[in-house]
Structures are given as structure tokens and as C-alpha cells.
Amino acid sequence: MTRWSTEQVEAIAPSAAALSAARPLTTVAAWGGLGADDRAVWGSCRGSGAEPYDTMVDHVGVVTRCTCPSRRRPCKHALALLLLWSVGDVPDAAPPPGVVAWLAARERGSSRQTTPRAADTPDGRPDDASEPSTVDGCGRDTTAESDRADSDRADSDRSESDHDAADRDRARDERVARMHAGLIELDRWLDDRMRTGLADPALARYSTWDELAARLVDAQAGSLANRIRRLAGLVGASPDWHSDVLAELGLLHLLAQAGRRLGSLPGSLADAVATTVGWQVRQADVLAGVPDTDTWIVAGRSDTREDRIEVRRHWLRGETSERWALVLSFAAYRQSLDTSLTVGTAVAADIHRYPGPALRALVGARHGDPIDPARPPAVDLASACDGVGSMLAAEPWLDRVPFTATAALAAVGSQFALTDDTGSLPLIAGGTPLATLLAVAGGDPVDVTCEWTPHGVVPLAIHLDDRSIDIGPRADDSFVAAS
Amino acid sequence: MTTVDEAWSQLVAVAMLGTDRRNPPQPVGVIADLVDDTVRATPSERMLAQVAATVAVRRAGVVPGPVRPPVAGPDPDARPVCIPAAVDRWHHVIASWPVLEDEWVLTVIGNGWRVPPELAPTILIRHRNDPIRRARVELACGPLASWLVGHLPDLAARGTAGSAPDPRSEEIAELPALPIPPDLEAMLYADGERVARQLAGAIDSGALVHAHRAVLVNLVARMRPDSLRAVAAALDAIDGGAIGFPLASVLADLARTRERMLDELRPN
């Protein structure tokens with residue numbers, strides 16, 4: 001059974017508010033009868049009502065059901081249940097009779113349903129009445145539905161697999177239409193920003209950005225929504241914020257245009273654009289791909305808070321392939337981040353990459369114990385910039401690109417930069433990470449793994465002969481739980 | 001020819017005002033090649049196309065800035081760096097047994113070690129307020145401490161700790177006294193087997209209970225180092241079902257931690 005990632009759960013949330021409402025329910029104490037198998041996840045949530053709400057999610061068909069009175073689709077209980085499951089807090093179990101009956105009714109229902117869904121509206125936006133088939137309404141009366149399904153079943157001469165395939169195709173088409181409409185709306189919004197200018201006071205209001213982000217979530221473009229929310233934080237954040245915001249608006253335009261022309265893009269670029277826009281790829285599909293087997297050096301780690309989710313990035317470097325890979329893990333409040341990869345070690349493992357030229361990958365089978373110590377090869381700063389530039393030429397929208405360089409520290413006013421004979425790169429570190437880098441390097445060059453970002457270079461790890469020192473930004477202990 | 005950076009500056013200037021007030025600049029060079037084949041009806045559309053193309057070109061062309069002189073390193077420190085296990089022990093001590101930290105730092109200094117560079121910022125930040133402890137950690141870090149503070153003023157001592165006492169002062173060299181009741185004081189200096197018997201017996205019989213935990217911690221933190229192994233063994237031997245077992249386990253852990261700490265910092 002492959003669990004969803006937290007990002008996948010976020011992607012089906014109808015709004016940011018729905019996710020916020022779900023967060024307080026992501027504790028095991030709020031639930032009873034939790035369980036999951038390879039088809040569904042279920043539990044009873046003790047809510048404000050006299051009776052607990054029975055919540056179940058078909059995580060294969062992406063359908064939710066809950067006995068709560070909410071009209072949101074999916075409701076906060078279903079989202080909370082999925083979030084709990086995504087971090088491994090729901091035990092494997094045999095489904096109770098209620099869940100078995102619901103799944104059976106769904107199977108029969110999908111065989112019965114042959115009527116086409118409502119057509120898209122002329123402007124390309126799906127009609128409100130035609131909600132995607134992937135997410136069902138909460139509190140639906142499944143008994144009546146199953147009765148009808150029983151009587152119709154005998155008339156159906158199409159195999160269930162044909163219907164499943166048709167359902168999937170229809171769901172995909174509807175999702176593509178929603179995403180397409182969302183990208184048109186995004187481009188229209190960007191055009192307005194160009195017309196009215198960055199001095200427009202509306203840009204200083206968070207709601208300006210949040211409303212757009214919410215609409216992009218509705219359009220199934222969750223990754224772009226996250227980008228918009230991060231962009232809101234740049235407004236007024238530095239003396240050069242106009243330049244930073246304009247650059248990000250340009251990249252959003254690039255993605256909005258490319259996302260509407262996926263069919264005419266080269267295959268790998270189309271995959272990269274689709275995943276950057278927010279097209280979800282199931283972990284099972286990624287893990288089913290051809291593995292990239294190598295000895296992977298864990299070169300660096302960085303934690304960042306995005307909205308209410310802590311994101312951990314592990315940068316791996318293939319010893320033979322010399323390619324980079326990015327392994328992500330996510331944690332909501334009091335949930336745990338991945339601690340299975342230690343900076344300065346190496347592990348022989350299968351890496352399964354996401355579609356396209358993506359850095360992002362999942363770790364599959366591991367072929368032995370970690371090797372300690374291990375350090376990635378380092379280059380000079382000019383070569384490091386060449387490598388970063390090559391990756392950015394392929395995907396200009398990348399926020400972070402890793403490199404390992406041998407460089408000393410130089411003081412530039414009150415700031416610091418990495419420097420060598422080929423040039424310098426400004427650091428954006430502060431506090432203990434910068435102090436540690438300064439203390440270890442002294443006046444000498446050291447091997448350091450960094451993340452290039454549009455705003456400067458973030459040092460992640462110092463590699464010495466006998467060990468590596470992890471200095472990457474670290475999640476707040478009061479937010480994430482200890483593993 | 002206009003460079004990409006100059007073109008970007010012009011785009012930012014137009015973006016500030018908006019294309020309702022000012023037309024976007026004419027694209028030139030490589031940017032013109034990228035956007036000229038697109039049909040853009042309005043100034044805002046032309047502006048967006050130019051912005052996107054210019055950002056992509058600028059990012060792909062990332063290059064290092066000018067070469068800068070590296071910072072001069074700190075004065076050399078001939079003392080060896082204490083072993084990684086000692087650093088791990090320090091982290092364990094401050095998380096679980098902070099009562100041992102003073103002794104850890106004084107042992108580092110007394111036995112001729114120095115704090116490794118990666119620990120120096122953390123330990124300097126931790127002791128910014130207390131002048132005695134600040135003086136100790138500066139001694140333990142050596143010339144690196146003042147060098148770091150020179151570059152990163154945030155690491156400097158605060159308040160009275162900024163005027164640290166003379167490093168030769170007795171206050172700095174001696175462990176602070178911990179409150180220990182007179183009837184337990186004899187155990188501070190007795191031989192290990194005897195102390196172990198007395199302590200384990202008193203806990204096992206219920207004469208010493210959880211209410212005495214604070215003073216017993218002080219006792220183990222200050223008793224003769226050569227008593228620690230015997231004390232830990234005697235406390236470990238207390239039956240798991242005994243009422244004093246939880247207290248004995250805690251004190252045994254403290255005794256073992258202190259014994260290992262001193263072992264890791266033996267004179268080089």
C-alpha cells in the first residue's frame with residue numbers, strides 16, 4: 001500500500017481554510033476506529049455532535065464520505081483523516097462492514113453510471129454542476145444508491161474495468177479543463193498586475209494573493225497556489241522586492257503559458273511543467289518507474305516552513321551518475337519529518353524520479369547500511385554556477401538548485417560571501433549556521449554544499465575529511481514532533 | 001548594446017508604474033530574439049513576455065560575482081580539539097544533565113583540550129549572560145572565540161558578562177558549590193564501594209526517596225570520580241520492582257554519564 005504524501009492531500013483540499021480547519025483534527029486522540037488498507041482509510045471523529053462522524057476515503061478512486069453535515073467536498077474530517085494517514089498514524093487493518101458496504105456500492109455505482117457528465121461551459125471553465133468525479137460529496141446516502149445500483153447491475157454488459165478506465169479518463173479530462181481554466185485566469189491576473197504596476201496598494205494586502213491562491217487550488221494547480229503564497233511574502237520584504245516580485249511574476253507567466261500548451265511541448269519538458277503547475281503524480285506510479293540505482297551521498301538538508309507545513313529537502317548526489325536528486329518530506333503541526341537520511345553518509349539505493357528532468361525523487365529499495373563518512377565531490381564557484389545555470393536553463397522556475405563547492409568566506413560589509421579564485425557568491429545565512437561555517441572554515445577554503453536560490457546561497461553542510469557538519473535551516477522543534 | 005541586467009532594470013522601472021502609465025521598453029539582443037515572434041496585442045502582454053524571457057535568460061546565465069579577499073583566520077591554538085564523543089556528550093549533558101556542564105568545560109580547559117570549531121558558536125551563544133561561565137567557555141574555545149565575536153557581534157557577551165573576570169581567578173577555575181545536606185556530605189569523600197553500598201541501600205530501603213532527588217543529583221555530580229562506576233553498578237542492581245527503582249535508574253544514568261564524560265576528556 002502506498003500512502004499519499006501530505007502534498008497530495010493538500011491538492012484535493014477545496015480551500016486553504018478547509019485545510020486549516022482539518023489541522024486540529026490531525027491527532028490520533030481525536031479519532032476512534034482508525035484503519036487503512038490498500039483501498040481505503042477510515043475512522044470515527046469525535047466532533048461537536050453527540051455521535052462521532054464516520055469518515056471514509058477511497059484513496060484509490062479518490063472519493064470521500066463523511067456523516068458530518070458539512071457541504072464542503074471533501075470535508076475537514078476527510079482531510080484530517082488523510083493527513084493522519086499520510087504521516088503513518090493510521091494503522092493497517094481490515095475494513096469494518098460499513099466501509100466494505102460503501103466500497104461495494106461504489107463499485108456497483110461506477111458500473112451503472114453511463115451518462116456523460118455535464119459539458120464544460122463555453123469559456124473552458126467546467127460548469128459548477130459538474131464537480132469532478134474524483135471527489136464525492138460528504139454524507140451521501142449510499143443505501144439508496146446501492147439499491148439502484150443492484151437493480152441496474154444486471155443490465156450492464158460492460159466490464160467494470162472498462163467503466164473504471166472511462167471514469168479515470170473523464171476525471172482526468174475534467175481536471176485538465178479545470179487546470180487550463182485556472183491558468184487562463186492566472187495569466188489574466190498577471191496581466192492586470194502589469195497594467196496597474198507593482199506600486200498598486202492592493203499588492204500589500206495578503207487577501208489579494210490568497211484569493212488567487214485559493215482559486216488555483218480549486219483549479220487543481222496546488223503547486224502554483226503555494227508559489228503565489230510564497231510570493232506574497234516577498235512584497236516589502238527587502239529594498240529590492242520589486243525586482244524579486246517581478247521576476248516571480250514572469251516565471252508564473254512562463255508556467256501559465258507553458259501549462260496551456262503541454263501537448264506541443266517536448267515530452268520531458270511537458271512533464272516538468274505539469275508537475276510544477278500542480279499535476280499530481282501518484283507515488284505508486286513514480287515507484288513503478290525505472291530506478292536510478294547508485295550510491296547516493298546525502299550532501300545536504302534544509303527545512304522550510306511553507307504555509308502550515310514544514311518541508312524537509314534532502315539533496316542526494318549519485319556517486320557514479322554524478323546527478324542530483326531531491327527527496328522531500330512534509331510535516332504538519334506535531335508530525336514528524338523524515339530522519340532516515342543523515343548528512344555526510346551515503347546509501348546504496350534505488351531512486352525513482354518524478355516525470356521529466358525533475359530533481360525530485362523517491363527512495364526505493366536500499367541495498368545495505370549507510371556508509372559513514374561520505375562527501376560529495378566539490379568544484380570551484382565558476383563550475384558550480386555552470387551547473388546551476390544548466391539546471392535553470394532546463395527549468396527556469398526552479399527555486400533551489402544544489403551544488404558543492406570548495407570556497408573560503410569573505411566579508412562583504414556586514415554580510416558574507418563564498419569566494420575563490422573564480423569569483424564569489426553572496427550567502428544569505430545568519431545565526432548559528434553562518435557562525436558555524438565561519439568557525440570551521442576560519443580563513444581557509446572548505447567543501448560546502450549549498451542551495452542556490454534567487455536571493456543568494458544558503459549553506460547546508462560543511463564536509464570535512466572525517467565528518468560532515470549539517471548546518472542547513474532546521475525546523476522548529478516546537479512545530480514538528482521528534483521522530 | 002544593452003546588457004540583460006540593464007534591460008531588467010528598465011523592466012522593473014516600468015513594472016513599478018504599470019503599463020497603463022508607461023510603455024514597456026523595446027526588447028533588444030537575445031530577449032528580442034525570444035519574444036519578437038510572439039503576437040502580443042497589448043503593452044501589458046508584451047511586458048509579461050519580456051519579463052518572462054529576461055528572467056529565464058538571467059537565471060540560466062548565473063555567474064559568480066567578483067573575487068573577494070578571504071577573511072584572515074584566527075590566531076593558532078596549539079591545543080588538540082576534544083574528541084567527537086566528547087562533543088556528543090556535551091549535547092547529552094545540556095539536554096539531560098546540565099548540572100555536569102560546568103565540570104565538562106573545566107575539564108576541557110584543565111586537561112589541555114579545546115572546544116571544536118563547530119561547537120564554539122553554540123557554546124558562546126549559550127553562555128552570553130553569566131560572566132564566570134562566559135570566561136570559561138572563551139578559555140575553552142581559545143583565540144577562535146574573540147575572532148568569531150569580532151566578525152559576528154551577535155555572539156558577544158551581554159551585560160555584566162561583557163566584562164569577564166580575570167581568567168586566573170579562582171572563581172573560574174573551581175566548580176560551583178552545590179547544596180548537599182550534612183548527613184550526605186560524608187559520601188562525597190568516601191571510597192566507591194562504601195558509597196555505593198550506602199546509597200543503594202538507602203534507596204532500596206526507602207530511606208532516600210524521590211523527594212531527595214535534587215540533593216542526590218548534586219551528590220553524584222560532585223562525588224569522587226573513582227566512586228562513579230561502583231555507584232552506577234550498585235544502583236543498577238536494585239530490583240526493578242522495588243519502590244526506589246526509578247530514582248536509582250536516574251542516578252545510575254547520571255553516574256555513568258559523568259564517568260564517561262571524564263573518561264572522554266582524560267588528559268591528552
# chains A, B, ... in the order shown; residues from 1 in each chain; ligands from 1
>>> residues_around(residues="stretch 249-255 of chain B", least_positions_apart="2", cutoff="10 Å", atoms="only C-alpha atoms", output="NGL selection string")
:B and (93 or 96-97 or 99-100 or 213 or 216-217 or 219-221 or 223 or 225 or 227-238 or 240 or 244-247 or 257-261)
>>> interface_residues(of="chain B", to="chain A", cutoff="7 Å", atoms="only C-alpha atoms", output="PyMOL selection string")
chain B and resi 12+15-20+44-45+48+51-52+55-56+59-74+117-118+121-122+148
>>> residues_around(residues="B:Ala242", least_positions_apart="4", cutoff="10 Å", atoms="only C-alpha atoms", output="list in words")
Ile203, Asp204, Ser205, Gly206, Ile238, Pro246 and Ala248 of chain B
>>> residues_around(residues="A:Gln8", least_positions_apart="4", cutoff="10 Å", atoms="only C-alpha atoms", output="count of residues only")
14
>>> select_by_dssp(residues="stretch 22-244 of chain B", states="helix (DSSP H, G or I)", output="NGL selection string")
:B and (29-35 or 43-60 or 84-96 or 98-110 or 120-126 or 131-141 or 143-151 or 153-155 or 159-162 or 170-173 or 182-189 or 192-205 or 210-222 or 225-236)
>>> select_by_dssp(residues="stretch 209-332 of chain A", states="strand (DSSP E or B)", output="short mmCIF file (atom, residue, chain, number, x, y, z; two decimals) with N, CA and C atoms, in the first residue's frame")
data_model
loop_
_atom_site.label_atom_id
_atom_site.label_comp_id
_atom_site.auth_asym_id
_atom_site.auth_seq_id
_atom_site.Cartn_x
_atom_site.Cartn_y
_atom_site.Cartn_z
N ASP A 292 16.87 4.52 -10.61
CA ASP A 292 18.21 5.06 -10.84
C ASP A 292 19.04 4.53 -9.68
N THR A 293 19.76 3.43 -9.93
CA THR A 293 20.48 2.76 -8.83
C THR A 293 21.91 3.29 -8.75
N ASP A 294 22.29 3.69 -7.56
CA ASP A 294 23.61 4.28 -7.38
C ASP A 294 23.91 4.30 -5.88
N THR A 295 25.11 4.72 -5.56
CA THR A 295 25.41 5.03 -4.17
C THR A 295 25.14 6.52 -4.00
N TRP A 296 24.16 6.84 -3.19
CA TRP A 296 23.70 8.23 -3.08
C TRP A 296 24.29 8.88 -1.84
N ILE A 297 25.04 9.93 -2.06
CA ILE A 297 25.64 10.67 -0.94
C ILE A 297 24.62 11.70 -0.47
N VAL A 298 24.33 11.68 0.82
CA VAL A 298 23.41 12.68 1.38
C VAL A 298 24.22 13.95 1.61
N ALA A 299 24.12 14.86 0.64
CA ALA A 299 25.02 16.02 0.64
C ALA A 299 24.51 17.17 1.51
N GLY A 300 23.21 17.31 1.64
CA GLY A 300 22.69 18.44 2.43
C GLY A 300 21.23 18.26 2.78
N ARG A 301 20.79 19.07 3.72
CA ARG A 301 19.39 19.04 4.17
C ARG A 301 18.95 20.45 4.49
N SER A 302 17.72 20.76 4.14
CA SER A 302 17.20 22.06 4.58
C SER A 302 15.71 21.93 4.87
N ASP A 303 15.27 22.62 5.91
CA ASP A 303 13.86 22.62 6.30
C ASP A 303 13.31 24.03 6.07
N THR A 304 12.13 24.11 5.48
CA THR A 304 11.47 25.41 5.33
C THR A 304 10.01 25.26 5.68
N ARG A 305 9.44 26.31 6.24
CA ARG A 305 8.00 26.30 6.55
C ARG A 305 7.27 26.91 5.38
N GLU A 306 6.33 26.16 4.82
CA GLU A 306 5.51 26.66 3.72
C GLU A 306 4.07 26.60 4.18
N ILE A 309 2.92 23.94 6.71
CA ILE A 309 3.57 22.66 6.53
C ILE A 309 5.08 22.86 6.57
N GLU A 310 5.76 22.00 7.30
CA GLU A 310 7.22 22.04 7.31
C GLU A 310 7.71 21.11 6.19
N VAL A 311 8.58 21.62 5.34
CA VAL A 311 9.08 20.83 4.21
C VAL A 311 10.56 20.55 4.44
N ARG A 312 10.93 19.30 4.38
CA ARG A 312 12.35 18.93 4.50
C ARG A 312 12.87 18.48 3.14
N ARG A 313 13.99 19.06 2.74
CA ARG A 313 14.63 18.67 1.48
C ARG A 313 15.94 17.96 1.80
N HIS A 314 16.10 16.77 1.27
CA HIS A 314 17.39 16.09 1.34
C HIS A 314 17.96 16.09 -0.07
N TRP A 315 19.15 16.62 -0.22
CA TRP A 315 19.81 16.63 -1.53
C TRP A 315 20.77 15.46 -1.60
N LEU A 316 20.55 14.58 -2.58
CA LEU A 316 21.39 13.41 -2.76
C LEU A 316 22.21 13.58 -4.04
N ARG A 317 23.42 13.05 -4.01
CA ARG A 317 24.29 13.15 -5.18
C ARG A 317 24.76 11.74 -5.54
N GLY A 318 24.51 11.33 -6.77
CA GLY A 318 24.90 9.99 -7.22
C GLY A 318 26.40 9.89 -7.38
N TRP A 324 22.10 14.93 -9.33
CA TRP A 324 21.47 15.30 -8.08
C TRP A 324 20.05 14.73 -8.01
N ALA A 325 19.60 14.49 -6.82
CA ALA A 325 18.20 14.09 -6.61
C ALA A 325 17.71 14.78 -5.34
N LEU A 326 16.43 15.05 -5.32
CA LEU A 326 15.82 15.75 -4.18
C LEU A 326 14.74 14.86 -3.58
N VAL A 327 14.88 14.58 -2.29
CA VAL A 327 13.88 13.78 -1.58
C VAL A 327 13.17 14.70 -0.60
N LEU A 328 11.85 14.80 -0.74
CA LEU A 328 11.07 15.70 0.11
C LEU A 328 10.33 14.92 1.18
N SER A 329 10.17 15.55 2.33
CA SER A 329 9.21 15.03 3.31
C SER A 329 8.46 16.21 3.92
N PHE A 330 7.26 15.94 4.40
CA PHE A 330 6.37 17.01 4.86
C PHE A 330 5.85 16.68 6.26
N ALA A 331 5.64 17.72 7.06
CA ALA A 331 5.05 17.50 8.38
C ALA A 331 4.14 18.68 8.72
#
>>> atom_distance(atom1="atom CA of B:Thr54", atom2="atom CA of A:Arg215")
27.6 Å
>>> residues_around(residues="stretch 174-188 of chain B", least_positions_apart="6", cutoff="7 Å", atoms="only C-alpha atoms", output="ChimeraX atom specification")
/B:102-103,195,215,218-219,222-224
>>> residues_around(residues="A:Ile428", least_positions_apart="4", cutoff="7 Å", atoms="only C-alpha atoms", output="list in words")
Gly456, Val457 and Val458 of chain A
>>> write_last_selection(atoms="C-alpha atoms", output="compact mmCIF listing (two decimals), in the first residue's frame")
# COMPACT_ATOMS: atom_id res chain seq x y z
CA GLY A 456 21.51 34.19 -2.52
CA VAL A 457 23.20 31.00 -1.48
CA VAL A 458 22.13 29.01 1.58
>>> residues_around(residues="A:Val99", least_positions_apart="4", cutoff="8 Å", atoms="only C-alpha atoms", output="ChimeraX atom specification")
/A:42,56,95,103
>>> write_last_selection(atoms="C-alpha atoms", output="PDB file, in the first residue's frame")
ATOM      1  CA  TRP A  42     -11.464   5.146   7.679  1.00  0.00           C
ATOM      2  CA  MET A  56     -14.018   7.027   4.977  1.00  0.00           C
ATOM      3  CA  PRO A  95     -12.156  -2.678   6.824  1.00  0.00           C
ATOM      4  CA  LEU A 103     -16.827   0.387  -1.352  1.00  0.00           C
TER       5      LEU A 103
END
